[in-house]
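*Asks:* Here you go, one structure.
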Amino acid sequence: MGGPEMVKAGAEVVQSYDDVSVMGFSEVFGALPEIFRIRRKLVKHMKSEGVDLFVPIDFPGFNGHLGRKARRSGLSVFWLIAPQHWAWGGWRTSNFRSRISRLGTILPFEAEYFRSRGLDVFPMGHPLMEDYGSDFSFEKHMGRREKVLSNRDSVLTIGIFPGSRQQELKHLLPVLKVTSQALGGHLVDRETKFVVSAAPGVDPIDLAGIFDVAADISQAPLKVLLPKIDLALVCSGTASLEVALAGVPHELVYKTGSFNHWLGRRLVRSRFIGLSNIILNEEMVREHIQEDAAPLPMARDLLRWVSRPSEREQFYRSARKLRKQCGEAGVWQRTARAMLGLDNPTTDALAGQGS
């Protein structure tokens, strides 16, 4: 199961992920009949098409069932991207353990969490370090950004990163649009450029139609775009970690449906919602969640980065610490060796040395 990038990489895709790419409790409920149908299709494929190794990626509610079926069929299961049991549903870990052979973790604290609960863990390092590791010119880009932020005659470039899921766009784009208008009002004496990032799978024409303020719509990969960004408004998710690793001062935004938020508050036990804050266990960036994701407060907080160089310096210190904790490049090479060595102790030992 995958998408167009998997096809380009040479995979035979028997099921598109678009049909199960839903987010939020109420949205999942509505998609359950289709999800169950697809799950049965994939179980049949694993049993009848000579599959040797099952590699589920995240999506525990969907892939957990497939993992159990695979293990019962005698297949090895290398689970990529550990489920966030440390945030909610820790009681599920014992059941999860019986569905996998080995677990690949990407967040620094996850290896110890799952090892202590009896799982065989392979610490991958974070995949974003493929783009933001030692080859990424962090200090150079930071120096350019500091010159812009400290010079009122320079053009200030503000990035808007609304995410990729339709639910995210529906709830966030109106708020981000008004926030951008408020920022423009505060910055009337300074030339400002807004850049809205169109994530893969998001039609830039549709995005431009919704975000109808003066802004450039960019389809550039974030690793190309972020060095040109001075400040940012970012939806919660992987993009927020990417922006932090690139060293861009930003405000984190999360807004969803009322029912999803109500249920999430009762289930999630994490102190933070942003990945950079979770990894460091401290507030690296301010989080604007649900009713607190209001345009005027967010605009004021974003402008604090311009007027307070001491806060920027603290942010850069946290970014360096974050980058160090997330590991080095070579994540997928190390992980591929570990996958291929799952049933070969010699090969597996060599893969472990590479980590």
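Chain lettering (A, B, ...) mirrors the order of the structure tokens, residue numbering begins at 1 for each chain separately, and ligand numbering begins at 1 in order of display.
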Any chance you could tabulate, as a tab-separated table, the residues of segment 100-174 of chain A at most 9 Å from segment 278-293 of chain A with each one's nearest atom pair and distance in Å to one decimal, using only C-alpha atoms, in chain and rising number order?
*Replies:*
```
residue	atom	partner	partner_atom	distance
A:Leu107	CA	A:Ile279	CA	6.9
A:Pro108	CA	A:Ile279	CA	7.0
A:Phe109	CA	A:Ile279	CA	7.4
A:Leu172	CA	A:Ala293	CA	8.9
```
*Asks:* Selection from above, C-alpha atoms, as an mmCIF file, in the first residue's frame, can you write it?
*Replies:*
```cif
data_model
loop_
_atom_site.group_PDB
_atom_site.id
_atom_site.type_symbol
_atom_site.label_atom_id
_atom_site.label_comp_id
_atom_site.auth_asym_id
_atom_site.auth_seq_id
_atom_site.Cartn_x
_atom_site.Cartn_y
_atom_site.Cartn_z
ATOM 1 C CA LEU A 107 12.294 9.718 18.483
ATOM 2 C CA PRO A 108 15.266 9.682 20.884
ATOM 3 C CA PHE A 109 13.370 8.609 24.020
ATOM 4 C CA LEU A 172 -6.334 26.103 9.702
#
```
*Asks:* Looking only at strand (DSSP E or B) from DSSP on the backbone, list the matching residues of segment 129-254 of chain A as an MDAnalysis selection string.
*Replies:* chainID A and resid 156:161 192:197 216:218 231:235 250:254
*Asks:* Given only C-alpha atoms as the basis, pick out the residue of A:Trp86, A:Phe29, A:Phe36, A:Phe96 nearest to Gly67 of chain A.
*Replies:*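 Of A:Trp86, A:Phe29, A:Phe36, A:Phe96, the one nearest Gly67 of chain A is A:Phe96, counting only C-alpha atoms.
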*Asks:* Excluding Ser240 of chain A and residues on its chain fewer than 3 positions from it, collect all residues at most 8 Å away from it, counting only C-alpha atoms, and give them as a PyMOL selection string.
*Replies:* chain A and resi 234-237+243-244+252+274-276
*Asks:* Nearest residue to Ala182 of chain A out of A:Arg300, A:Lys44, A:Arg117, A:Arg337, using only C-alpha atoms?
*Replies:*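 Counting only C-alpha atoms, the residue closest to Ala182 of chain A is A:Arg300.
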*Asks:* Please provide the set of residues having any atom within 10 Å of segment 156-171 of chain A, restricted to only C-alpha atoms, with same-chain residues fewer than 6 positions apart removed, written as a PDB file with N, CA and C atoms, in the first residue's frame.
*Replies:*
```pdb
ATOM      1  N   SER A  21      -6.364   7.491   4.069  1.00  0.00           N
ATOM      2  CA  SER A  21      -5.646   8.636   4.643  1.00  0.00           C
ATOM      3  C   SER A  21      -6.642   9.607   5.270  1.00  0.00           C
ATOM      4  N   VAL A  22      -7.071   9.280   6.474  1.00  0.00           N
ATOM      5  CA  VAL A  22      -8.011  10.123   7.203  1.00  0.00           C
ATOM      6  C   VAL A  22      -7.425  10.460   8.561  1.00  0.00           C
ATOM      7  N   MET A  23      -7.878  11.579   9.122  1.00  0.00           N
ATOM      8  CA  MET A  23      -7.327  12.060  10.392  1.00  0.00           C
ATOM      9  C   MET A  23      -8.482  12.537  11.254  1.00  0.00           C
ATOM     10  N   GLY A  24      -8.461  12.190  12.534  1.00  0.00           N
ATOM     11  CA  GLY A  24      -9.514  12.622  13.442  1.00  0.00           C
ATOM     12  C   GLY A  24     -10.497  11.492  13.705  1.00  0.00           C
ATOM     13  N   GLU A  27     -13.816  11.431  11.514  1.00  0.00           N
ATOM     14  CA  GLU A  27     -13.534  11.114  10.123  1.00  0.00           C
ATOM     15  C   GLU A  27     -13.238   9.624   9.949  1.00  0.00           C
ATOM     16  N   ARG A 145      19.567  34.610   8.119  1.00  0.00           N
ATOM     17  CA  ARG A 145      18.284  34.949   8.725  1.00  0.00           C
ATOM     18  C   ARG A 145      18.450  36.057   9.763  1.00  0.00           C
ATOM     19  N   VAL A 148      18.639  39.495   8.246  1.00  0.00           N
ATOM     20  CA  VAL A 148      17.336  39.985   7.807  1.00  0.00           C
ATOM     21  C   VAL A 148      16.505  40.448   8.993  1.00  0.00           C
ATOM     22  N   LEU A 149      16.456  39.622  10.040  1.00  0.00           N
ATOM     23  CA  LEU A 149      15.613  39.942  11.186  1.00  0.00           C
ATOM     24  C   LEU A 149      16.076  41.197  11.925  1.00  0.00           C
ATOM     25  N   LYS A 177      -4.926  32.697   7.255  1.00  0.00           N
ATOM     26  CA  LYS A 177      -5.147  33.823   6.345  1.00  0.00           C
ATOM     27  C   LYS A 177      -5.344  35.124   7.129  1.00  0.00           C
ATOM     28  N   SER A 180      -2.153  36.253   8.751  1.00  0.00           N
ATOM     29  CA  SER A 180      -1.264  36.901   7.781  1.00  0.00           C
ATOM     30  C   SER A 180      -1.702  38.338   7.517  1.00  0.00           C
ATOM     31  N   LEU A 183      -0.564  40.331  10.428  1.00  0.00           N
ATOM     32  CA  LEU A 183       0.883  40.568  10.350  1.00  0.00           C
ATOM     33  C   LEU A 183       1.186  41.690   9.365  1.00  0.00           C
ATOM     34  N   LEU A 187       3.115  45.275  10.027  1.00  0.00           N
ATOM     35  CA  LEU A 187       4.395  45.476   9.339  1.00  0.00           C
ATOM     36  C   LEU A 187       4.250  46.427   8.144  1.00  0.00           C
ATOM     37  N   ARG A 190       7.411  47.881   6.781  1.00  0.00           N
ATOM     38  CA  ARG A 190       8.488  46.982   6.374  1.00  0.00           C
ATOM     39  C   ARG A 190       8.013  46.094   5.227  1.00  0.00           C
ATOM     40  N   GLU A 191       8.867  45.943   4.241  1.00  0.00           N
ATOM     41  CA  GLU A 191       8.518  45.085   3.112  1.00  0.00           C
ATOM     42  C   GLU A 191       8.491  43.630   3.560  1.00  0.00           C
ATOM     43  N   THR A 192       7.357  42.991   3.341  1.00  0.00           N
ATOM     44  CA  THR A 192       7.148  41.624   3.822  1.00  0.00           C
ATOM     45  C   THR A 192       6.643  40.742   2.689  1.00  0.00           C
ATOM     46  N   LYS A 193       7.143  39.527   2.644  1.00  0.00           N
ATOM     47  CA  LYS A 193       6.731  38.553   1.635  1.00  0.00           C
ATOM     48  C   LYS A 193       6.187  37.321   2.338  1.00  0.00           C
ATOM     49  N   PHE A 194       5.002  36.855   1.915  1.00  0.00           N
ATOM     50  CA  PHE A 194       4.410  35.644   2.459  1.00  0.00           C
ATOM     51  C   PHE A 194       4.560  34.511   1.445  1.00  0.00           C
ATOM     52  N   VAL A 195       4.962  33.341   1.943  1.00  0.00           N
ATOM     53  CA  VAL A 195       5.097  32.153   1.108  1.00  0.00           C
ATOM     54  C   VAL A 195       4.289  31.028   1.753  1.00  0.00           C
ATOM     55  N   VAL A 196       3.302  30.505   1.012  1.00  0.00           N
ATOM     56  CA  VAL A 196       2.475  29.405   1.501  1.00  0.00           C
ATOM     57  C   VAL A 196       2.983  28.112   0.882  1.00  0.00           C
ATOM     58  N   SER A 197       3.317  27.146   1.731  1.00  0.00           N
ATOM     59  CA  SER A 197       3.852  25.875   1.243  1.00  0.00           C
ATOM     60  C   SER A 197       2.717  24.921   0.895  1.00  0.00           C
ATOM     61  N   ALA A 198       2.706  24.462  -0.353  1.00  0.00           N
ATOM     62  CA  ALA A 198       1.741  23.452  -0.797  1.00  0.00           C
ATOM     63  C   ALA A 198       2.391  22.082  -0.631  1.00  0.00           C
ATOM     64  N   ALA A 199       1.951  21.350   0.368  1.00  0.00           N
ATOM     65  CA  ALA A 199       2.526  20.037   0.651  1.00  0.00           C
ATOM     66  C   ALA A 199       2.208  19.075  -0.491  1.00  0.00           C
ATOM     67  N   PRO A 200       2.985  17.989  -0.642  1.00  0.00           N
ATOM     68  CA  PRO A 200       2.678  16.992  -1.669  1.00  0.00           C
ATOM     69  C   PRO A 200       1.239  16.508  -1.539  1.00  0.00           C
ATOM     70  N   GLY A 201       0.548  16.453  -2.673  1.00  0.00           N
ATOM     71  CA  GLY A 201      -0.846  16.024  -2.668  1.00  0.00           C
ATOM     72  C   GLY A 201      -1.845  17.155  -2.547  1.00  0.00           C
ATOM     73  N   VAL A 202      -1.372  18.387  -2.278  1.00  0.00           N
ATOM     74  CA  VAL A 202      -2.255  19.540  -2.168  1.00  0.00           C
ATOM     75  C   VAL A 202      -2.171  20.344  -3.465  1.00  0.00           C
ATOM     76  N   ASP A 203      -3.299  20.592  -4.089  1.00  0.00           N
ATOM     77  CA  ASP A 203      -3.341  21.348  -5.341  1.00  0.00           C
ATOM     78  C   ASP A 203      -3.048  22.816  -5.051  1.00  0.00           C
ATOM     79  N   LEU A 207      -5.246  25.804  -3.137  1.00  0.00           N
ATOM     80  CA  LEU A 207      -4.679  26.508  -1.988  1.00  0.00           C
ATOM     81  C   LEU A 207      -4.707  28.011  -2.209  1.00  0.00           C
ATOM     82  N   ILE A 210      -8.174  29.428  -1.661  1.00  0.00           N
ATOM     83  CA  ILE A 210      -8.585  29.553  -0.261  1.00  0.00           C
ATOM     84  C   ILE A 210      -7.793  30.655   0.428  1.00  0.00           C
ATOM     85  N   ALA A 215       0.265  36.366  -1.555  1.00  0.00           N
ATOM     86  CA  ALA A 215       1.253  35.381  -1.111  1.00  0.00           C
ATOM     87  C   ALA A 215       1.691  34.546  -2.300  1.00  0.00           C
ATOM     88  N   ASP A 216       2.922  34.053  -2.220  1.00  0.00           N
ATOM     89  CA  ASP A 216       3.415  33.104  -3.206  1.00  0.00           C
ATOM     90  C   ASP A 216       3.058  31.698  -2.740  1.00  0.00           C
ATOM     91  N   ILE A 217       2.596  30.857  -3.651  1.00  0.00           N
ATOM     92  CA  ILE A 217       2.332  29.452  -3.341  1.00  0.00           C
ATOM     93  C   ILE A 217       3.530  28.648  -3.839  1.00  0.00           C
ATOM     94  N   SER A 218       4.160  27.906  -2.945  1.00  0.00           N
ATOM     95  CA  SER A 218       5.382  27.181  -3.298  1.00  0.00           C
ATOM     96  C   SER A 218       5.186  25.675  -3.169  1.00  0.00           C
ATOM     97  N   LEU A 222      10.582  21.265   1.409  1.00  0.00           N
ATOM     98  CA  LEU A 222      10.881  22.132   2.549  1.00  0.00           C
ATOM     99  C   LEU A 222      12.382  22.340   2.738  1.00  0.00           C
ATOM    100  N   LEU A 225      13.034  25.180   0.550  1.00  0.00           N
ATOM    101  CA  LEU A 225      12.307  26.397   0.891  1.00  0.00           C
ATOM    102  C   LEU A 225      12.749  27.013   2.214  1.00  0.00           C
ATOM    103  N   LEU A 226      12.980  26.191   3.225  1.00  0.00           N
ATOM    104  CA  LEU A 226      13.204  26.711   4.580  1.00  0.00           C
ATOM    105  C   LEU A 226      14.433  27.622   4.721  1.00  0.00           C
ATOM    106  N   LYS A 228      15.231  29.930   2.964  1.00  0.00           N
ATOM    107  CA  LYS A 228      14.842  31.248   2.497  1.00  0.00           C
ATOM    108  C   LYS A 228      13.798  31.900   3.404  1.00  0.00           C
ATOM    109  N   ILE A 229      13.326  31.178   4.418  1.00  0.00           N
ATOM    110  CA  ILE A 229      12.267  31.652   5.303  1.00  0.00           C
ATOM    111  C   ILE A 229      12.868  32.249   6.569  1.00  0.00           C
ATOM    112  N   ASP A 230      12.300  33.387   7.014  1.00  0.00           N
ATOM    113  CA  ASP A 230      12.810  34.066   8.209  1.00  0.00           C
ATOM    114  C   ASP A 230      11.968  33.771   9.447  1.00  0.00           C
ATOM    115  N   LEU A 231      10.660  33.695   9.287  1.00  0.00           N
ATOM    116  CA  LEU A 231       9.727  33.356  10.357  1.00  0.00           C
ATOM    117  C   LEU A 231       8.649  32.461   9.763  1.00  0.00           C
ATOM    118  N   ALA A 232       7.914  31.728  10.627  1.00  0.00           N
ATOM    119  CA  ALA A 232       6.909  30.825  10.070  1.00  0.00           C
ATOM    120  C   ALA A 232       5.757  30.587  11.034  1.00  0.00           C
ATOM    121  N   LEU A 233       4.600  30.299  10.434  1.00  0.00           N
ATOM    122  CA  LEU A 233       3.435  29.756  11.131  1.00  0.00           C
ATOM    123  C   LEU A 233       3.280  28.324  10.637  1.00  0.00           C
ATOM    124  N   VAL A 234       3.275  27.353  11.553  1.00  0.00           N
ATOM    125  CA  VAL A 234       3.378  25.953  11.151  1.00  0.00           C
ATOM    126  C   VAL A 234       2.323  25.108  11.856  1.00  0.00           C
ATOM    127  N   CYS A 235       1.646  24.242  11.091  1.00  0.00           N
ATOM    128  CA  CYS A 235       0.700  23.316  11.701  1.00  0.00           C
ATOM    129  C   CYS A 235       1.471  22.259  12.488  1.00  0.00           C
ATOM    130  N   SER A 236       0.812  21.714  13.503  1.00  0.00           N
ATOM    131  CA  SER A 236       1.423  20.644  14.276  1.00  0.00           C
ATOM    132  C   SER A 236       1.614  19.414  13.403  1.00  0.00           C
ATOM    133  N   GLY A 237       2.730  18.725  13.576  1.00  0.00           N
ATOM    134  CA  GLY A 237       3.013  17.533  12.785  1.00  0.00           C
ATOM    135  C   GLY A 237       4.481  17.488  12.402  1.00  0.00           C
ATOM    136  N   THR A 238       4.795  16.657  11.425  1.00  0.00           N
ATOM    137  CA  THR A 238       6.189  16.492  11.016  1.00  0.00           C
ATOM    138  C   THR A 238       6.779  17.794  10.491  1.00  0.00           C
ATOM    139  N   ALA A 239       5.963  18.610   9.817  1.00  0.00           N
ATOM    140  CA  ALA A 239       6.475  19.877   9.283  1.00  0.00           C
ATOM    141  C   ALA A 239       7.009  20.770  10.383  1.00  0.00           C
ATOM    142  N   SER A 240       6.384  20.730  11.565  1.00  0.00           N
ATOM    143  CA  SER A 240       6.847  21.576  12.668  1.00  0.00           C
ATOM    144  C   SER A 240       8.246  21.157  13.128  1.00  0.00           C
ATOM    145  N   VAL A 243      10.762  22.377  10.426  1.00  0.00           N
ATOM    146  CA  VAL A 243      11.037  23.807  10.552  1.00  0.00           C
ATOM    147  C   VAL A 243      11.987  24.062  11.718  1.00  0.00           C
ATOM    148  N   VAL A 248      14.307  27.723  11.913  1.00  0.00           N
ATOM    149  CA  VAL A 248      13.442  28.853  11.584  1.00  0.00           C
ATOM    150  C   VAL A 248      12.553  29.178  12.784  1.00  0.00           C
ATOM    151  N   HIS A 250       9.432  30.112  14.808  1.00  0.00           N
ATOM    152  CA  HIS A 250       8.064  29.938  14.343  1.00  0.00           C
ATOM    153  C   HIS A 250       7.080  29.814  15.498  1.00  0.00           C
ATOM    154  N   LEU A 252       3.672  27.462  16.502  1.00  0.00           N
ATOM    155  CA  LEU A 252       3.032  26.197  16.164  1.00  0.00           C
ATOM    156  C   LEU A 252       1.520  26.327  16.354  1.00  0.00           C
ATOM    157  N   VAL A 253       0.751  25.828  15.379  1.00  0.00           N
ATOM    158  CA  VAL A 253      -0.696  25.982  15.370  1.00  0.00           C
ATOM    159  C   VAL A 253      -1.371  24.625  15.239  1.00  0.00           C
ATOM    160  N   TYR A 254      -2.409  24.409  16.032  1.00  0.00           N
ATOM    161  CA  TYR A 254      -3.204  23.188  15.898  1.00  0.00           C
ATOM    162  C   TYR A 254      -4.674  23.528  16.119  1.00  0.00           C
ATOM    163  N   LYS A 255      -5.501  23.117  15.175  1.00  0.00           N
ATOM    164  CA  LYS A 255      -6.936  23.354  15.287  1.00  0.00           C
ATOM    165  C   LYS A 255      -7.663  22.233  14.583  1.00  0.00           C
ATOM    166  N   THR A 256      -8.633  21.640  15.253  1.00  0.00           N
ATOM    167  CA  THR A 256      -9.385  20.533  14.681  1.00  0.00           C
ATOM    168  C   THR A 256     -10.854  20.697  15.051  1.00  0.00           C
ATOM    169  N   GLY A 257     -11.671  19.706  14.696  1.00  0.00           N
ATOM    170  CA  GLY A 257     -13.084  19.749  15.045  1.00  0.00           C
ATOM    171  C   GLY A 257     -13.280  19.670  16.548  1.00  0.00           C
ATOM    172  N   GLN A 290      -6.336  25.011  19.371  1.00  0.00           N
ATOM    173  CA  GLN A 290      -7.787  25.161  19.350  1.00  0.00           C
ATOM    174  C   GLN A 290      -8.228  26.609  19.544  1.00  0.00           C
ATOM    175  N   LEU A 302       4.333  35.935  16.875  1.00  0.00           N
ATOM    176  CA  LEU A 302       5.309  35.752  15.801  1.00  0.00           C
ATOM    177  C   LEU A 302       6.229  36.964  15.698  1.00  0.00           C
ATOM    178  N   VAL A 306      10.963  38.994  16.046  1.00  0.00           N
ATOM    179  CA  VAL A 306      11.674  40.083  15.382  1.00  0.00           C
ATOM    180  C   VAL A 306      12.280  41.037  16.404  1.00  0.00           C
TER     181      VAL A 306
END
```
*Asks:* Choose the residue, out of A:Gly143, A:Pro83, A:Gly209, A:Gly341, that has the smallest atom-to-atom separation from Glu110 of chain A; count only C-alpha atoms.
*Replies:*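 Checking each of A:Gly143, A:Pro83, A:Gly209, A:Gly341 against Glu110 of chain A, counting only C-alpha atoms, the winner is A:Pro83.
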*Asks:* Determine the nearest neighbour of Leu241 of chain A from the options A:Gly184, A:Gly64, A:Gly104, A:Pro127, counting only C-alpha atoms.
*Replies:*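 The answer is A:Pro127, which sits nearest to Leu241 of chain A.
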*Asks:* Take atom CA of Val77 of chain A and atom CA of Val43 of chain A and report the distance between them in Å, one decimal.
*Replies:*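 Atom CA of Val43 of chain A lies 13.5 Å from atom CA of Val77 of chain A.
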